[in-house]
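Coordinates from data-v4.txt are shown below (compact mmCIF, C-alpha atoms).
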# COMPACT_ATOMS: atom_id res chain seq x y z
CA MET A 1 0.00 0.00 0.00
CA SER A 2 1.36 3.44 -0.91
CA VAL A 3 2.15 6.02 1.73
CA GLU A 4 -0.64 8.25 0.43
CA ALA A 5 -3.15 5.42 0.74
CA LEU A 6 -1.92 4.64 4.25
CA ARG A 7 -2.27 8.27 5.29
CA ALA A 8 -5.80 8.40 3.88
CA LEU A 9 -6.66 5.18 5.68
CA GLU A 10 -5.15 6.50 8.91
CA ARG A 11 -7.27 9.66 8.62
CA ALA A 12 -10.40 7.65 7.86
CA HIS A 13 -9.71 5.39 10.84
CA GLY A 14 -9.28 8.38 13.14
CA ILE A 15 -12.49 10.03 11.95
CA ALA A 16 -14.45 6.77 12.17
CA ALA A 17 -13.12 6.17 15.70
CA TRP A 18 -14.29 9.59 16.93
CA ILE A 19 -17.69 9.18 15.24
CA ALA A 20 -18.04 5.76 16.90
CA THR A 21 -17.06 7.25 20.27
CA ALA A 22 -19.74 9.93 19.87
CA ALA A 23 -22.28 7.26 18.83
CA LEU A 24 -21.43 5.20 21.92
CA PHE A 25 -21.90 8.19 24.22
CA ALA A 26 -25.22 8.96 22.50
CA ALA A 27 -26.27 5.34 23.09
CA VAL A 28 -25.28 5.65 26.77
CA TRP A 29 -27.39 8.80 27.06
CA VAL A 30 -30.38 7.03 25.50
CA ALA A 31 -29.89 3.97 27.71
CA PHE A 32 -29.81 6.00 30.93
CA ARG A 33 -32.90 8.07 30.05
CA ARG A 34 -36.08 7.29 31.92
CA PRO A 35 -38.29 5.78 30.78
CA LEU A 36 -36.06 3.81 28.43
CA ARG A 37 -37.41 3.77 24.88
CA ARG A 38 -36.39 0.33 23.77
CA ARG A 39 -36.61 0.95 20.03
CA LEU A 40 -34.55 4.10 20.28
CA GLY A 41 -32.12 2.24 22.55
CA VAL A 42 -31.75 -0.61 20.05
CA PHE A 43 -31.30 1.88 17.20
CA SER A 44 -28.66 3.96 18.98
CA ALA A 45 -26.80 0.93 20.37
CA GLY A 46 -26.93 -0.70 16.93
CA ILE A 47 -25.48 2.37 15.24
CA ALA A 48 -22.80 2.57 17.93
CA ALA A 49 -21.86 -1.11 17.60
CA LEU A 50 -21.70 -0.91 13.81
CA SER A 51 -19.67 2.29 13.80
CA ILE A 52 -17.14 1.03 16.37
CA THR A 53 -16.79 -2.19 14.36
CA LEU A 54 -16.16 -0.19 11.18
CA ALA A 55 -13.52 1.87 12.99
CA GLY A 56 -11.94 -1.36 14.29
CA ALA A 57 -11.93 -2.91 10.81
CA LEU A 58 -10.13 0.16 9.41
CA GLY A 59 -7.66 -0.09 12.30
CA LEU A 60 -7.07 -3.74 11.51
CA LEU A 61 -6.09 -2.79 7.95
CA LEU A 62 -3.45 -0.47 9.45
CA GLU A 63 -2.08 -3.08 11.87
CA GLU A 64 0.46 -4.67 9.55
CA PRO A 65 1.81 -1.36 8.13
CA TYR A 66 1.99 -0.04 11.73
CA ARG A 67 4.14 -3.00 12.80
CA ALA A 68 6.33 -2.70 9.72
CA ARG A 69 6.84 1.07 9.61
CA ILE A 70 6.00 2.75 12.90
CA ARG A 71 6.12 0.44 15.91
CA GLN A 72 9.88 0.14 16.32
CA ARG A 73 10.45 3.83 15.54
CA LEU A 74 7.85 4.76 18.12
CA PHE A 75 9.36 2.57 20.84
CA VAL A 76 12.87 3.86 20.12
CA ALA A 77 11.82 7.53 20.19
CA THR A 78 9.27 7.47 23.01
CA PRO A 79 8.61 4.11 24.68
CA GLY A 80 5.83 5.71 26.69
CA LEU A 81 3.87 6.44 23.53
CA GLY A 82 4.57 2.95 22.26
CA TRP A 83 3.01 1.44 25.36
CA LEU A 84 0.16 3.94 25.15
CA PHE A 85 -0.62 2.61 21.70
CA GLU A 86 -0.49 -0.98 22.98
CA ARG A 87 -3.01 -0.02 25.66
CA LYS A 88 -5.16 1.64 23.02
CA GLU A 89 -5.34 -1.61 21.05
CA HIS A 90 -6.55 -3.52 24.12
CA LEU A 91 -9.19 -0.93 24.94
CA ALA A 92 -10.39 -0.77 21.32
CA PHE A 93 -10.92 -4.53 21.34
CA GLY A 94 -12.87 -4.21 24.58
CA ALA A 95 -14.97 -1.31 23.26
CA ILE A 96 -16.05 -3.29 20.19
CA LEU A 97 -16.91 -6.48 22.07
CA LEU A 98 -18.65 -4.74 24.98
CA GLY A 99 -20.65 -2.59 22.54
CA TRP A 100 -21.99 -5.71 20.83
CA SER A 101 -22.49 -7.45 24.16
CA ALA A 102 -24.64 -4.55 25.39
CA LEU A 103 -26.65 -4.53 22.16
CA PHE A 104 -27.40 -8.25 22.42
CA ALA A 105 -28.38 -7.88 26.08
CA LEU A 106 -30.83 -5.17 25.00
CA PHE A 107 -32.22 -7.48 22.30
CA ALA A 108 -32.71 -10.18 24.95
CA ALA A 109 -34.54 -7.86 27.37
CA ARG A 110 -38.28 -7.96 26.87
CA PRO A 111 -40.09 -4.79 27.95
CA SER A 112 -43.43 -6.64 27.77
CA ALA A 113 -42.34 -8.90 30.60
CA PRO A 114 -40.97 -6.56 33.24
CA GLY A 115 -39.32 -8.44 36.02
CA ALA A 116 -36.01 -9.23 37.58
CA LEU A 117 -34.54 -10.74 34.41
CA SER A 118 -35.56 -7.87 32.15
CA GLY A 119 -34.29 -5.32 34.65
CA GLU A 120 -30.95 -7.10 34.95
CA LEU A 121 -30.56 -7.26 31.18
CA PHE A 122 -31.30 -3.53 30.89
CA ARG A 123 -28.69 -2.88 33.60
CA THR A 124 -26.20 -5.05 31.70
CA THR A 125 -26.89 -2.97 28.59
CA LYS A 126 -26.18 0.25 30.48
CA VAL A 127 -22.96 -1.06 32.03
CA GLY A 128 -21.74 -2.52 28.75
CA LEU A 129 -22.41 0.64 26.78
CA ALA A 130 -20.86 2.87 29.43
CA ALA A 131 -17.70 0.74 29.57
CA ALA A 132 -17.51 0.59 25.77
CA ALA A 133 -17.91 4.37 25.52
CA LEU A 134 -15.18 5.04 28.08
CA PHE A 135 -12.81 2.55 26.44
CA ALA A 136 -13.50 4.07 23.02
CA LEU A 137 -12.87 7.58 24.34
CA VAL A 138 -9.52 6.62 25.88
CA ALA A 139 -8.55 4.66 22.75
CA SER A 140 -9.46 7.53 20.42
CA ALA A 141 -7.58 10.06 22.58
CA ALA A 142 -4.53 7.77 22.79
CA SER A 143 -4.58 7.33 19.00
CA ALA A 144 -4.72 11.07 18.48
CA ILE A 145 -1.78 11.61 20.86
CA VAL A 146 0.33 8.96 19.13
CA ALA A 147 -0.65 10.13 15.63
CA ARG A 148 0.64 13.63 16.43
CA ARG A 149 4.11 12.19 17.09
CA ALA A 150 4.31 9.32 14.64
CA GLY A 151 2.47 8.72 11.40
CA PHE A 152 2.94 7.16 7.99
CA MET B 1 -37.43 -17.56 28.05
CA LEU B 2 -37.84 -17.76 24.27
CA ARG B 3 -35.19 -19.40 22.09
CA ARG B 4 -34.51 -16.08 20.40
CA GLU B 5 -33.82 -14.44 23.77
CA ARG B 6 -31.55 -17.30 24.82
CA ILE B 7 -29.52 -16.79 21.64
CA PHE B 8 -29.15 -13.08 22.39
CA VAL B 9 -28.10 -13.83 25.97
CA ALA B 10 -25.55 -16.30 24.58
CA LEU B 11 -24.18 -13.72 22.12
CA SER B 12 -23.98 -11.10 24.84
CA GLY B 13 -22.18 -13.54 27.12
CA ALA B 14 -19.83 -14.48 24.29
CA GLY B 15 -18.73 -10.85 23.97
CA ALA B 16 -18.06 -10.54 27.69
CA VAL B 17 -16.16 -13.86 27.85
CA ALA B 18 -14.07 -12.84 24.83
CA VAL B 19 -12.99 -9.65 26.61
CA ILE B 20 -12.11 -11.58 29.78
CA ALA B 21 -10.19 -14.13 27.70
CA TYR B 22 -8.32 -11.35 25.91
CA ALA B 23 -7.23 -9.78 29.19
CA LEU B 24 -6.16 -13.16 30.61
CA LEU B 25 -4.23 -14.07 27.46
CA ARG B 26 -2.34 -10.80 27.54
CA VAL B 27 -1.49 -11.20 31.23
CA VAL B 28 -0.24 -14.75 30.61
CA GLU B 29 1.73 -13.52 27.59
CA ARG B 30 3.38 -10.76 29.59
CA ALA B 31 4.08 -13.00 32.59
CA PHE B 32 5.33 -16.19 30.93
CA PHE B 33 6.13 -15.50 27.26
CA ALA B 34 8.03 -12.25 27.21
CA GLU B 35 8.19 -10.76 23.71
CA PRO B 36 11.40 -9.17 22.40
CA ASN B 37 11.96 -5.52 23.22
CA PRO B 38 9.76 -3.64 20.71
CA ALA B 39 12.49 -1.03 20.30
CA ALA B 40 14.90 -3.74 19.06
CA LEU B 41 12.41 -5.64 16.96
CA ILE B 42 12.45 -4.42 13.36
CA TRP B 43 9.44 -6.40 12.20
CA SER B 44 7.51 -9.48 13.22
CA GLU B 45 5.75 -11.70 10.74
CA ARG B 46 2.81 -12.39 13.01
CA SER B 47 0.77 -9.87 14.89
CA SER B 48 0.38 -10.95 18.49
CA PHE B 49 -2.58 -8.57 18.79
CA VAL B 50 -4.46 -10.23 15.92
CA TRP B 51 -3.72 -13.75 17.19
CA ARG B 52 -4.71 -12.82 20.73
CA SER B 53 -7.94 -11.30 19.43
CA LEU B 54 -8.77 -14.41 17.41
CA LEU B 55 -8.05 -16.69 20.37
CA ALA B 56 -10.20 -14.48 22.60
CA LEU B 57 -13.05 -14.60 20.07
CA TYR B 58 -12.76 -18.38 19.98
CA ALA B 59 -12.95 -18.51 23.77
CA GLY B 60 -15.90 -16.10 23.60
CA GLY B 61 -17.65 -18.47 21.21
CA MET B 62 -17.24 -21.27 23.72
CA GLY B 63 -18.53 -18.98 26.46
CA GLY B 64 -21.54 -18.27 24.27
CA PHE B 65 -22.50 -21.95 24.36
CA GLY B 66 -22.20 -21.82 28.14
CA GLY B 67 -24.40 -18.75 28.21
CA TYR B 68 -27.03 -20.48 26.09
CA ALA B 69 -27.02 -23.50 28.38
CA LEU B 70 -27.34 -21.27 31.45
CA ALA B 71 -30.20 -19.31 29.87
CA SER B 72 -31.98 -22.58 29.11
CA ARG B 73 -31.57 -24.16 32.54
CA ALA B 74 -31.60 -21.16 34.86
CA PRO B 75 -33.22 -18.19 33.07
CA LYS B 76 -33.48 -16.14 36.27
CA ALA B 77 -29.81 -16.59 37.12
CA CYS B 78 -28.55 -15.87 33.60
CA GLY B 79 -29.44 -12.16 33.80
CA ARG B 80 -27.46 -11.75 36.99
CA TRP B 81 -24.49 -13.75 35.66
CA LEU B 82 -24.49 -11.82 32.41
CA GLY B 83 -24.29 -8.56 34.36
CA ILE B 84 -21.43 -9.94 36.47
CA ALA B 85 -19.65 -11.13 33.30
CA VAL B 86 -19.89 -7.71 31.62
CA ILE B 87 -18.66 -5.89 34.75
CA GLY B 88 -15.89 -8.48 35.12
CA ALA B 89 -14.92 -8.05 31.49
CA ALA B 90 -14.69 -4.26 31.75
CA LEU B 91 -12.69 -4.42 35.00
CA SER B 92 -10.33 -7.17 33.84
CA LEU B 93 -9.53 -5.34 30.60
CA LEU B 94 -9.02 -2.08 32.45
CA LEU B 95 -6.64 -3.68 34.97
CA GLN B 96 -4.81 -5.55 32.22
CA ALA B 97 -4.40 -2.39 30.12
CA VAL B 98 -3.02 -0.50 33.13
CA PHE B 99 -0.72 -3.15 34.61
CA ALA B 100 0.13 -5.47 31.69
CA PRO B 101 -0.03 -3.43 28.49

Exercise: express the given structure as structure tokens:
Amino acid sequence: MSVEALRALERAHGIAAWIATAALFAAVWVAFRRPLRRRLGVFSAGIAALSITLAGALGLLLEEPYRARIRQRLFVATPGLGWLFERKEHLAFGAILLGWSALFALFAARPSAPGALSGELFRTTKVGLAAAALFALVASAASAIVARRAGF
Amino acid sequence: MLRRERIFVALSGAGAVAVIAYALLRVVERAFFAEPNPAALIWSERSSFVWRSLLALYAGGMGGFGGYALASRAPKACGRWLGIAVIGAALSLLLQAVFAP
């Protein structure tokens, strides 16, 4: 892949990551509203899960070029930033999986049958979305910090 | 609990288990299989991140079957356990990212 293509992909990944972070926070806001509108919750959590997955897929395309061209340079120049990027990868993985996990918990919760199970599944949705949003925020911020110092 | 709901509980559980598995794999990797210094490593053919993610997803898939079985046999308990699994996943990944990046 050419350097120009990598730079474009890097920019697209960054933009997609911030959009996904915003979508996750919007989904958290919807999930914590009372009364919870399930359809709106499913819609917002679905958009958030899809957008964070798209951002992750773009990041995955950059993984190999990152290892080949940036990783060593980054660790030689500023090991702290290198480890920050490693942390960012872990949190991004968690944000994607927890986002989907929260969405599926919301699918499983039946508003027509309010009870302990439904309430627990709604709580799981809230916790999952909140954790995913926080992880995505830290990952996006870490990416932006690293991208300012090292890029393609 | 309907079959459709059990499947969604299983998928939700699979995601949480995958995150826990990811954190555990990374801790084990850091503790027992130390990778070369990244500053000295020019290039590696395999991405440990990608392999770890795939292994974690595989473990999550297995956890999904467990979640389905739990939702079938103890529907009341599965909601509580799913919540515990998601909280555990978030905490384990957070601790792993801080202490074993």

Quick one: residues within 12 Å of Ala31 in chain B, only C-alpha atoms, excluding same-chain residues fewer than 5 positions away - as a list in words?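 Skipping anything fewer than 5 positions along the chain leaves Leu24, Leu25, Arg26, Gln96, Phe99, Ala100 and Pro101 of chain B.
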
If we count all atoms listed in the file, which residues of chain A reach to within 6 Å of chain B? Please list them as a count of residues only. 15

Please put the answer as JSON: centre and edge lengths, in Å with one decimal, of a box along x, y and z that encloses all listed atoms of range 27-31 of chain A plus 3 Å on each side.
{"center_x": -27.8, "center_y": 6.4, "center_z": 25.4, "size_x": 11.1, "size_y": 10.8, "size_z": 10.6}

Quick one: distance from CA of Ile96 in chain A to CA of Gly56 in chain A in Å, one decimal? 7.4 Å

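Minimum distance to Ala142 in chain A across A:Trp100, A:Phe43, A:Phe25, A:Trp18 (counting only C-alpha atoms) occurs at A:Trp18.
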